[in-house]
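> After the structure tokens below, expect a handful of questions from me.
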Amino acid sequence: PFHFVTLEKNPIKSVSDLNGKKSGIGPRAGTCGTYFPLMFKALGINTTIQNGQASDMGAGLQDGLIDAFPFCAGVPIPVYSELE
């Protein structure tokens with residue numbers, strides 16, 4: 001499954017709102033790193049992609065280094081629980 005999370009203070013309310021924003025999508029060679037760039041391209045969304053481990057993406061979101069953390073994994077996703 002594909003999931004998207006951002007902080008409540010961010011104005012992002014839909015996937016299209018990622019246009020012009022920074023998205024941390026997980027490891028480059030993983031499922032997320034493979035599919036999200038293709039999905040964004042197909043949707044015409046120009047988001048700056050950052051790669052890394054899920055815990056790093058969660059920390060980046062909390063620290064304001066990225067605007068959203070799209071991820072693909074089965075639930076529960078521990079880092080999403082921590083962000084909540």
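The chains in the structure tokens are called A, B, ... from first to last as shown; in each chain the residues are counted from 1, and the ligands are counted from 1 in the order shown.
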May I have all residues of chain A that DSSP, computed from the backbone, assigns to alpha helix (DSSP H), given as a PyMOL selection string?

chain A and resi 31-43+54-62+78-83

> Write out the residues from the selection above, keeping N, CA, C and O atoms, as a JSON list (two decimals), in the first residue's frame.


```json
[["chain", "number", "residue", "atom", "x", "y", "z"],
["A", 31, "THR", "N", 11.08, -0.27, -3.05],
["A", 31, "THR", "CA", 9.79, -0.15, -3.75],
["A", 31, "THR", "C", 9.38, 1.31, -3.86],
["A", 31, "THR", "O", 9.00, 1.78, -4.94],
["A", 32, "CYS", "N", 9.45, 2.03, -2.76],
["A", 32, "CYS", "CA", 9.06, 3.45, -2.76],
["A", 32, "CYS", "C", 9.94, 4.28, -3.70],
["A", 32, "CYS", "O", 9.43, 5.12, -4.43],
["A", 33, "GLY", "N", 11.23, 4.04, -3.63],
["A", 33, "GLY", "CA", 12.18, 4.78, -4.44],
["A", 33, "GLY", "C", 12.02, 4.51, -5.93],
["A", 33, "GLY", "O", 12.41, 5.31, -6.77],
["A", 34, "THR", "N", 11.43, 3.36, -6.24],
["A", 34, "THR", "CA", 11.19, 3.00, -7.63],
["A", 34, "THR", "C", 9.86, 3.56, -8.14],
["A", 34, "THR", "O", 9.79, 4.17, -9.20],
["A", 35, "TYR", "N", 8.81, 3.37, -7.36],
["A", 35, "TYR", "CA", 7.47, 3.71, -7.83],
["A", 35, "TYR", "C", 7.07, 5.17, -7.68],
["A", 35, "TYR", "O", 6.41, 5.73, -8.56],
["A", 36, "PHE", "N", 7.42, 5.81, -6.57],
["A", 36, "PHE", "CA", 6.96, 7.18, -6.37],
["A", 36, "PHE", "C", 7.45, 8.15, -7.45],
["A", 36, "PHE", "O", 6.66, 8.95, -7.95],
["A", 37, "PRO", "N", 8.72, 8.11, -7.87],
["A", 37, "PRO", "CA", 9.12, 9.02, -8.96],
["A", 37, "PRO", "C", 8.30, 8.80, -10.23],
["A", 37, "PRO", "O", 7.93, 9.76, -10.91],
["A", 38, "LEU", "N", 8.00, 7.55, -10.54],
["A", 38, "LEU", "CA", 7.18, 7.25, -11.73],
["A", 38, "LEU", "C", 5.75, 7.76, -11.56],
["A", 38, "LEU", "O", 5.16, 8.30, -12.50],
["A", 39, "MET", "N", 5.21, 7.59, -10.36],
["A", 39, "MET", "CA", 3.85, 8.06, -10.09],
["A", 39, "MET", "C", 3.78, 9.58, -10.19],
["A", 39, "MET", "O", 2.86, 10.13, -10.82],
["A", 40, "PHE", "N", 4.75, 10.26, -9.57],
["A", 40, "PHE", "CA", 4.74, 11.71, -9.62],
["A", 40, "PHE", "C", 4.88, 12.22, -11.06],
["A", 40, "PHE", "O", 4.19, 13.16, -11.46],
["A", 41, "LYS", "N", 5.74, 11.58, -11.84],
["A", 41, "LYS", "CA", 5.91, 11.98, -13.23],
["A", 41, "LYS", "C", 4.61, 11.80, -14.01],
["A", 41, "LYS", "O", 4.20, 12.68, -14.77],
["A", 42, "ALA", "N", 3.95, 10.65, -13.84],
["A", 42, "ALA", "CA", 2.70, 10.38, -14.54],
["A", 42, "ALA", "C", 1.60, 11.37, -14.16],
["A", 42, "ALA", "O", 0.76, 11.72, -14.98],
["A", 43, "LEU", "N", 1.63, 11.85, -12.92],
["A", 43, "LEU", "CA", 0.63, 12.80, -12.43],
["A", 43, "LEU", "C", 1.02, 14.25, -12.71],
["A", 43, "LEU", "O", 0.24, 15.16, -12.43],
["A", 54, "ALA", "N", 13.45, 5.07, 6.43],
["A", 54, "ALA", "CA", 12.19, 5.58, 6.94],
["A", 54, "ALA", "C", 12.39, 6.46, 8.17],
["A", 54, "ALA", "O", 11.78, 7.53, 8.29],
["A", 55, "SER", "N", 13.24, 6.04, 9.09],
["A", 55, "SER", "CA", 13.46, 6.83, 10.30],
["A", 55, "SER", "C", 14.06, 8.20, 9.96],
["A", 55, "SER", "O", 13.72, 9.21, 10.59],
["A", 56, "ASP", "N", 14.93, 8.24, 8.95],
["A", 56, "ASP", "CA", 15.52, 9.51, 8.52],
["A", 56, "ASP", "C", 14.47, 10.41, 7.88],
["A", 56, "ASP", "O", 14.50, 11.63, 8.07],
["A", 57, "MET", "N", 13.56, 9.83, 7.12],
["A", 57, "MET", "CA", 12.50, 10.61, 6.49],
["A", 57, "MET", "C", 11.56, 11.18, 7.56],
["A", 57, "MET", "O", 11.13, 12.33, 7.46],
["A", 58, "GLY", "N", 11.26, 10.39, 8.58],
["A", 58, "GLY", "CA", 10.42, 10.87, 9.67],
["A", 58, "GLY", "C", 11.07, 12.03, 10.40],
["A", 58, "GLY", "O", 10.42, 13.05, 10.69],
["A", 59, "ALA", "N", 12.36, 11.91, 10.67],
["A", 59, "ALA", "CA", 13.10, 12.99, 11.34],
["A", 59, "ALA", "C", 13.16, 14.22, 10.44],
["A", 59, "ALA", "O", 13.01, 15.35, 10.92],
["A", 60, "GLY", "N", 13.35, 14.01, 9.14],
["A", 60, "GLY", "CA", 13.39, 15.14, 8.20],
["A", 60, "GLY", "C", 12.07, 15.89, 8.15],
["A", 60, "GLY", "O", 12.05, 17.11, 8.05],
["A", 61, "LEU", "N", 10.97, 15.15, 8.24],
["A", 61, "LEU", "CA", 9.66, 15.79, 8.25],
["A", 61, "LEU", "C", 9.49, 16.61, 9.53],
["A", 61, "LEU", "O", 9.07, 17.77, 9.49],
["A", 62, "GLN", "N", 9.83, 16.03, 10.65],
["A", 62, "GLN", "CA", 9.73, 16.75, 11.93],
["A", 62, "GLN", "C", 10.60, 17.99, 11.96],
["A", 62, "GLN", "O", 10.21, 19.02, 12.51],
["A", 78, "PRO", "N", 5.88, 1.96, 11.97],
["A", 78, "PRO", "CA", 6.34, 2.55, 13.24],
["A", 78, "PRO", "C", 6.68, 4.03, 13.17],
["A", 78, "PRO", "O", 6.29, 4.79, 14.07],
["A", 79, "VAL", "N", 7.36, 4.47, 12.14],
["A", 79, "VAL", "CA", 7.75, 5.89, 12.07],
["A", 79, "VAL", "C", 6.51, 6.77, 11.91],
["A", 79, "VAL", "O", 6.47, 7.88, 12.43],
["A", 80, "TYR", "N", 5.48, 6.30, 11.23],
["A", 80, "TYR", "CA", 4.22, 7.07, 11.13],
["A", 80, "TYR", "C", 3.58, 7.18, 12.50],
["A", 80, "TYR", "O", 3.05, 8.23, 12.86],
["A", 81, "SER", "N", 3.61, 6.11, 13.28],
["A", 81, "SER", "CA", 3.06, 6.14, 14.63],
["A", 81, "SER", "C", 3.81, 7.16, 15.49],
["A", 81, "SER", "O", 3.21, 7.88, 16.27],
["A", 82, "GLU", "N", 5.13, 7.20, 15.33],
["A", 82, "GLU", "CA", 5.94, 8.16, 16.08],
["A", 82, "GLU", "C", 5.60, 9.59, 15.67],
["A", 82, "GLU", "O", 5.54, 10.49, 16.52],
["A", 83, "LEU", "N", 5.37, 9.82, 14.38],
["A", 83, "LEU", "CA", 5.02, 11.16, 13.90],
["A", 83, "LEU", "C", 3.66, 11.59, 14.43],
["A", 83, "LEU", "O", 3.45, 12.76, 14.75]]
```

> Within 7 Å of Lys21 (chain A), counting only C-alpha atoms, which residues qualify if same-chain residues fewer than 3 places away don't, as a list in words?

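Here the qualifying residues turn out to be Leu18, Thr47, Thr48 and Asp67 of chain A.
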
> Given the selection you just returned, output its residues as a file containing all heavy atoms, formatted as a PDB file, in the first residue's frame.


```pdb
ATOM      1  N   LEU A  18       1.745  18.364  -3.497  1.00  0.00           N
ATOM      2  CA  LEU A  18       3.179  18.089  -3.396  1.00  0.00           C
ATOM      3  C   LEU A  18       3.974  18.793  -4.485  1.00  0.00           C
ATOM      4  O   LEU A  18       5.194  18.859  -4.424  1.00  0.00           O
ATOM      5  CB  LEU A  18       3.453  16.587  -3.454  1.00  0.00           C
ATOM      6  CG  LEU A  18       2.918  15.767  -2.278  1.00  0.00           C
ATOM      7  CD1 LEU A  18       3.151  14.290  -2.517  1.00  0.00           C
ATOM      8  CD2 LEU A  18       3.546  16.220  -0.981  1.00  0.00           C
ATOM      9  N   THR A  47       7.954  17.317  -7.614  1.00  0.00           N
ATOM     10  CA  THR A  47       8.370  17.364  -6.222  1.00  0.00           C
ATOM     11  C   THR A  47       9.845  16.998  -6.137  1.00  0.00           C
ATOM     12  O   THR A  47      10.308  16.132  -6.871  1.00  0.00           O
ATOM     13  CB  THR A  47       7.513  16.414  -5.346  1.00  0.00           C
ATOM     14  OG1 THR A  47       7.907  16.524  -3.981  1.00  0.00           O
ATOM     15  CG2 THR A  47       7.597  14.981  -5.786  1.00  0.00           C
ATOM     16  N   THR A  48      10.569  17.687  -5.291  1.00  0.00           N
ATOM     17  CA  THR A  48      11.974  17.362  -5.072  1.00  0.00           C
ATOM     18  C   THR A  48      12.026  16.117  -4.202  1.00  0.00           C
ATOM     19  O   THR A  48      11.470  16.107  -3.106  1.00  0.00           O
ATOM     20  CB  THR A  48      12.707  18.521  -4.381  1.00  0.00           C
ATOM     21  OG1 THR A  48      12.597  19.679  -5.212  1.00  0.00           O
ATOM     22  CG2 THR A  48      14.172  18.185  -4.150  1.00  0.00           C
ATOM     23  N   ASP A  67       8.696  18.248   3.173  1.00  0.00           N
ATOM     24  CA  ASP A  67       7.315  18.668   3.399  1.00  0.00           C
ATOM     25  C   ASP A  67       6.361  17.493   3.562  1.00  0.00           C
ATOM     26  O   ASP A  67       5.301  17.640   4.177  1.00  0.00           O
ATOM     27  CB  ASP A  67       6.838  19.530   2.220  1.00  0.00           C
ATOM     28  CG  ASP A  67       7.705  20.765   2.047  1.00  0.00           C
ATOM     29  OD1 ASP A  67       7.750  21.585   2.985  1.00  0.00           O
ATOM     30  OD2 ASP A  67       8.351  20.894   0.990  1.00  0.00           O
TER      31      ASP A  67
END
```

> Skipping near chain neighbours, those fewer than 4 positions away, what residues fall within 10 Å of Gly74 (chain A) using only C-alpha atoms, listed as a ChimeraX atom specification?

/A:1-3

> May I have the selected residues written with all heavy atoms, as a compact mmCIF listing (two decimals), in the first residue's frame?


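Result written to out-v2.txt:
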```
# COMPACT_ATOMS: atom_id res chain seq x y z
N PRO A 1 0.83 -1.21 0.00
CA PRO A 1 0.00 0.00 0.00
C PRO A 1 0.86 1.27 0.00
O PRO A 1 1.95 1.28 0.56
CB PRO A 1 -0.80 -0.11 1.29
CG PRO A 1 -0.34 -1.32 2.00
CD PRO A 1 0.69 -2.01 1.17
N PHE A 2 0.35 2.30 -0.61
CA PHE A 2 1.03 3.59 -0.67
C PHE A 2 0.37 4.55 0.32
O PHE A 2 -0.84 4.67 0.34
CB PHE A 2 0.98 4.17 -2.08
CG PHE A 2 1.71 3.33 -3.09
CD1 PHE A 2 1.03 2.41 -3.87
CD2 PHE A 2 3.08 3.46 -3.24
CE1 PHE A 2 1.72 1.63 -4.79
CE2 PHE A 2 3.77 2.68 -4.16
CZ PHE A 2 3.09 1.76 -4.94
N HIS A 3 1.18 5.21 1.13
CA HIS A 3 0.69 6.12 2.16
C HIS A 3 1.38 7.47 1.99
O HIS A 3 2.50 7.54 1.48
CB HIS A 3 1.03 5.59 3.56
CG HIS A 3 0.67 4.16 3.78
ND1 HIS A 3 -0.59 3.76 4.13
CD2 HIS A 3 1.42 3.04 3.70
CE1 HIS A 3 -0.61 2.45 4.27
NE2 HIS A 3 0.60 1.99 4.00
```

> How far is it from CA of Gln53 (chain A) to CA of Pro11 (chain A), in Å with one decimal?

24.5 Å

> Compare A:Val75, A:Leu65, A:Val5, A:Ile49 by their minimum atom-to-atom distance to Pro27 (chain A), counting only C-alpha atoms, and give me the closest one.

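For Pro27 (chain A), the nearest of the candidates is A:Ile49.
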
> Going by DSSP on the backbone, which bits of chain A are strand (DSSP E)? Write them as an mmCIF file with all heavy atoms, in the first residue's frame, please.


```cif
data_model
loop_
_atom_site.group_PDB
_atom_site.id
_atom_site.type_symbol
_atom_site.label_atom_id
_atom_site.label_comp_id
_atom_site.auth_asym_id
_atom_site.auth_seq_id
_atom_site.Cartn_x
_atom_site.Cartn_y
_atom_site.Cartn_z
ATOM 1 N N PHE A 2 0.345 2.304 -0.613
ATOM 2 C CA PHE A 2 1.033 3.589 -0.668
ATOM 3 C C PHE A 2 0.374 4.547 0.320
ATOM 4 O O PHE A 2 -0.842 4.673 0.344
ATOM 5 C CB PHE A 2 0.977 4.171 -2.085
ATOM 6 C CG PHE A 2 1.710 3.333 -3.091
ATOM 7 C CD1 PHE A 2 1.034 2.412 -3.874
ATOM 8 C CD2 PHE A 2 3.082 3.456 -3.240
ATOM 9 C CE1 PHE A 2 1.720 1.632 -4.793
ATOM 10 C CE2 PHE A 2 3.773 2.679 -4.161
ATOM 11 C CZ PHE A 2 3.085 1.761 -4.938
ATOM 12 N N HIS A 3 1.179 5.213 1.127
ATOM 13 C CA HIS A 3 0.691 6.118 2.156
ATOM 14 C C HIS A 3 1.384 7.468 1.994
ATOM 15 O O HIS A 3 2.496 7.537 1.477
ATOM 16 C CB HIS A 3 1.026 5.589 3.559
ATOM 17 C CG HIS A 3 0.669 4.163 3.783
ATOM 18 N ND1 HIS A 3 -0.592 3.760 4.132
ATOM 19 C CD2 HIS A 3 1.418 3.036 3.698
ATOM 20 C CE1 HIS A 3 -0.606 2.449 4.275
ATOM 21 N NE2 HIS A 3 0.603 1.989 3.999
ATOM 22 N N LYS A 22 9.061 19.325 -1.161
ATOM 23 C CA LYS A 22 10.089 18.292 -0.983
ATOM 24 C C LYS A 22 9.449 17.053 -0.380
ATOM 25 O O LYS A 22 8.765 17.141 0.640
ATOM 26 C CB LYS A 22 11.194 18.791 -0.052
ATOM 27 C CG LYS A 22 11.955 19.974 -0.575
ATOM 28 C CD LYS A 22 12.960 20.429 0.452
ATOM 29 C CE LYS A 22 13.532 21.781 0.065
ATOM 30 N NZ LYS A 22 14.277 22.380 1.170
ATOM 31 N N SER A 23 9.694 15.902 -1.011
ATOM 32 C CA SER A 23 9.141 14.630 -0.543
ATOM 33 C C SER A 23 10.259 13.650 -0.232
ATOM 34 O O SER A 23 11.133 13.409 -1.063
ATOM 35 C CB SER A 23 8.236 14.016 -1.619
ATOM 36 O OG SER A 23 7.137 14.851 -1.893
ATOM 37 N N GLY A 24 10.229 13.088 0.953
ATOM 38 C CA GLY A 24 11.170 12.039 1.335
ATOM 39 C C GLY A 24 10.505 10.699 1.129
ATOM 40 O O GLY A 24 9.495 10.408 1.774
ATOM 41 N N THR A 48 10.569 17.687 -5.291
ATOM 42 C CA THR A 48 11.974 17.362 -5.072
ATOM 43 C C THR A 48 12.026 16.117 -4.202
ATOM 44 O O THR A 48 11.470 16.107 -3.106
ATOM 45 C CB THR A 48 12.707 18.521 -4.381
ATOM 46 O OG1 THR A 48 12.597 19.679 -5.212
ATOM 47 C CG2 THR A 48 14.172 18.185 -4.150
ATOM 48 N N ILE A 49 12.687 15.086 -4.693
ATOM 49 C CA ILE A 49 12.719 13.801 -3.998
ATOM 50 C C ILE A 49 14.008 13.656 -3.205
ATOM 51 O O ILE A 49 15.089 13.927 -3.706
ATOM 52 C CB ILE A 49 12.575 12.653 -5.007
ATOM 53 C CG1 ILE A 49 11.160 12.676 -5.586
ATOM 54 C CG2 ILE A 49 12.897 11.308 -4.366
ATOM 55 C CD1 ILE A 49 10.922 11.666 -6.674
ATOM 56 N N GLN A 50 13.845 13.228 -1.967
ATOM 57 C CA GLN A 50 14.978 12.869 -1.124
ATOM 58 C C GLN A 50 14.825 11.401 -0.743
ATOM 59 O O GLN A 50 13.715 10.939 -0.487
ATOM 60 C CB GLN A 50 15.027 13.740 0.124
ATOM 61 C CG GLN A 50 15.328 15.179 -0.208
ATOM 62 C CD GLN A 50 15.527 16.028 1.028
ATOM 63 O OE1 GLN A 50 15.523 15.554 2.147
ATOM 64 N NE2 GLN A 50 15.703 17.322 0.811
ATOM 65 N N PHE A 71 5.227 6.922 1.556
ATOM 66 C CA PHE A 71 5.905 5.671 1.862
ATOM 67 C C PHE A 71 5.027 4.510 1.434
ATOM 68 O O PHE A 71 3.811 4.637 1.325
ATOM 69 C CB PHE A 71 6.205 5.607 3.366
ATOM 70 C CG PHE A 71 7.290 4.630 3.745
ATOM 71 C CD1 PHE A 71 8.547 4.696 3.188
ATOM 72 C CD2 PHE A 71 7.035 3.649 4.685
ATOM 73 C CE1 PHE A 71 9.547 3.803 3.549
ATOM 74 C CE2 PHE A 71 8.022 2.751 5.059
ATOM 75 C CZ PHE A 71 9.288 2.829 4.485
ATOM 76 N N CYS A 72 5.640 3.385 1.188
ATOM 77 C CA CYS A 72 4.883 2.193 0.797
ATOM 78 C C CYS A 72 5.317 1.034 1.684
ATOM 79 O O CYS A 72 6.457 0.595 1.627
ATOM 80 C CB CYS A 72 5.080 1.881 -0.673
ATOM 81 S SG CYS A 72 6.766 2.036 -1.270
#
```

> Given only C-alpha atoms as the basis, pick out the residue of A:Ile25, A:Val15, A:Leu7, A:Ile45 nearest to Phe69 (chain A).

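Ranked by minimum distance to Phe69 (chain A), first place goes to A:Ile25.
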
> Compare A:Ser16, A:Gly30, A:Asp63, A:Gly52 by their minimum atom-to-atom distance to Phe4 (chain A), counting only C-alpha atoms, and give me the closest one.

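Checking each candidate against Phe4 (chain A), we get A:Ser16 as the closest.
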
> In Å, with one decimal, what is the gap from CA of Ile77 (chain A) to CA of Lys13 (chain A)?

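For CA of Ile77 (chain A) relative to CA of Lys13 (chain A), the distance reads 20.3 Å.
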
> I'd like to know which of A:Gly26, A:Asn46, A:Lys9, A:Asp17 is closest to Pro70 (chain A), using only C-alpha atoms.

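Counting only C-alpha atoms, the residue closest to Pro70 (chain A) is A:Gly26.
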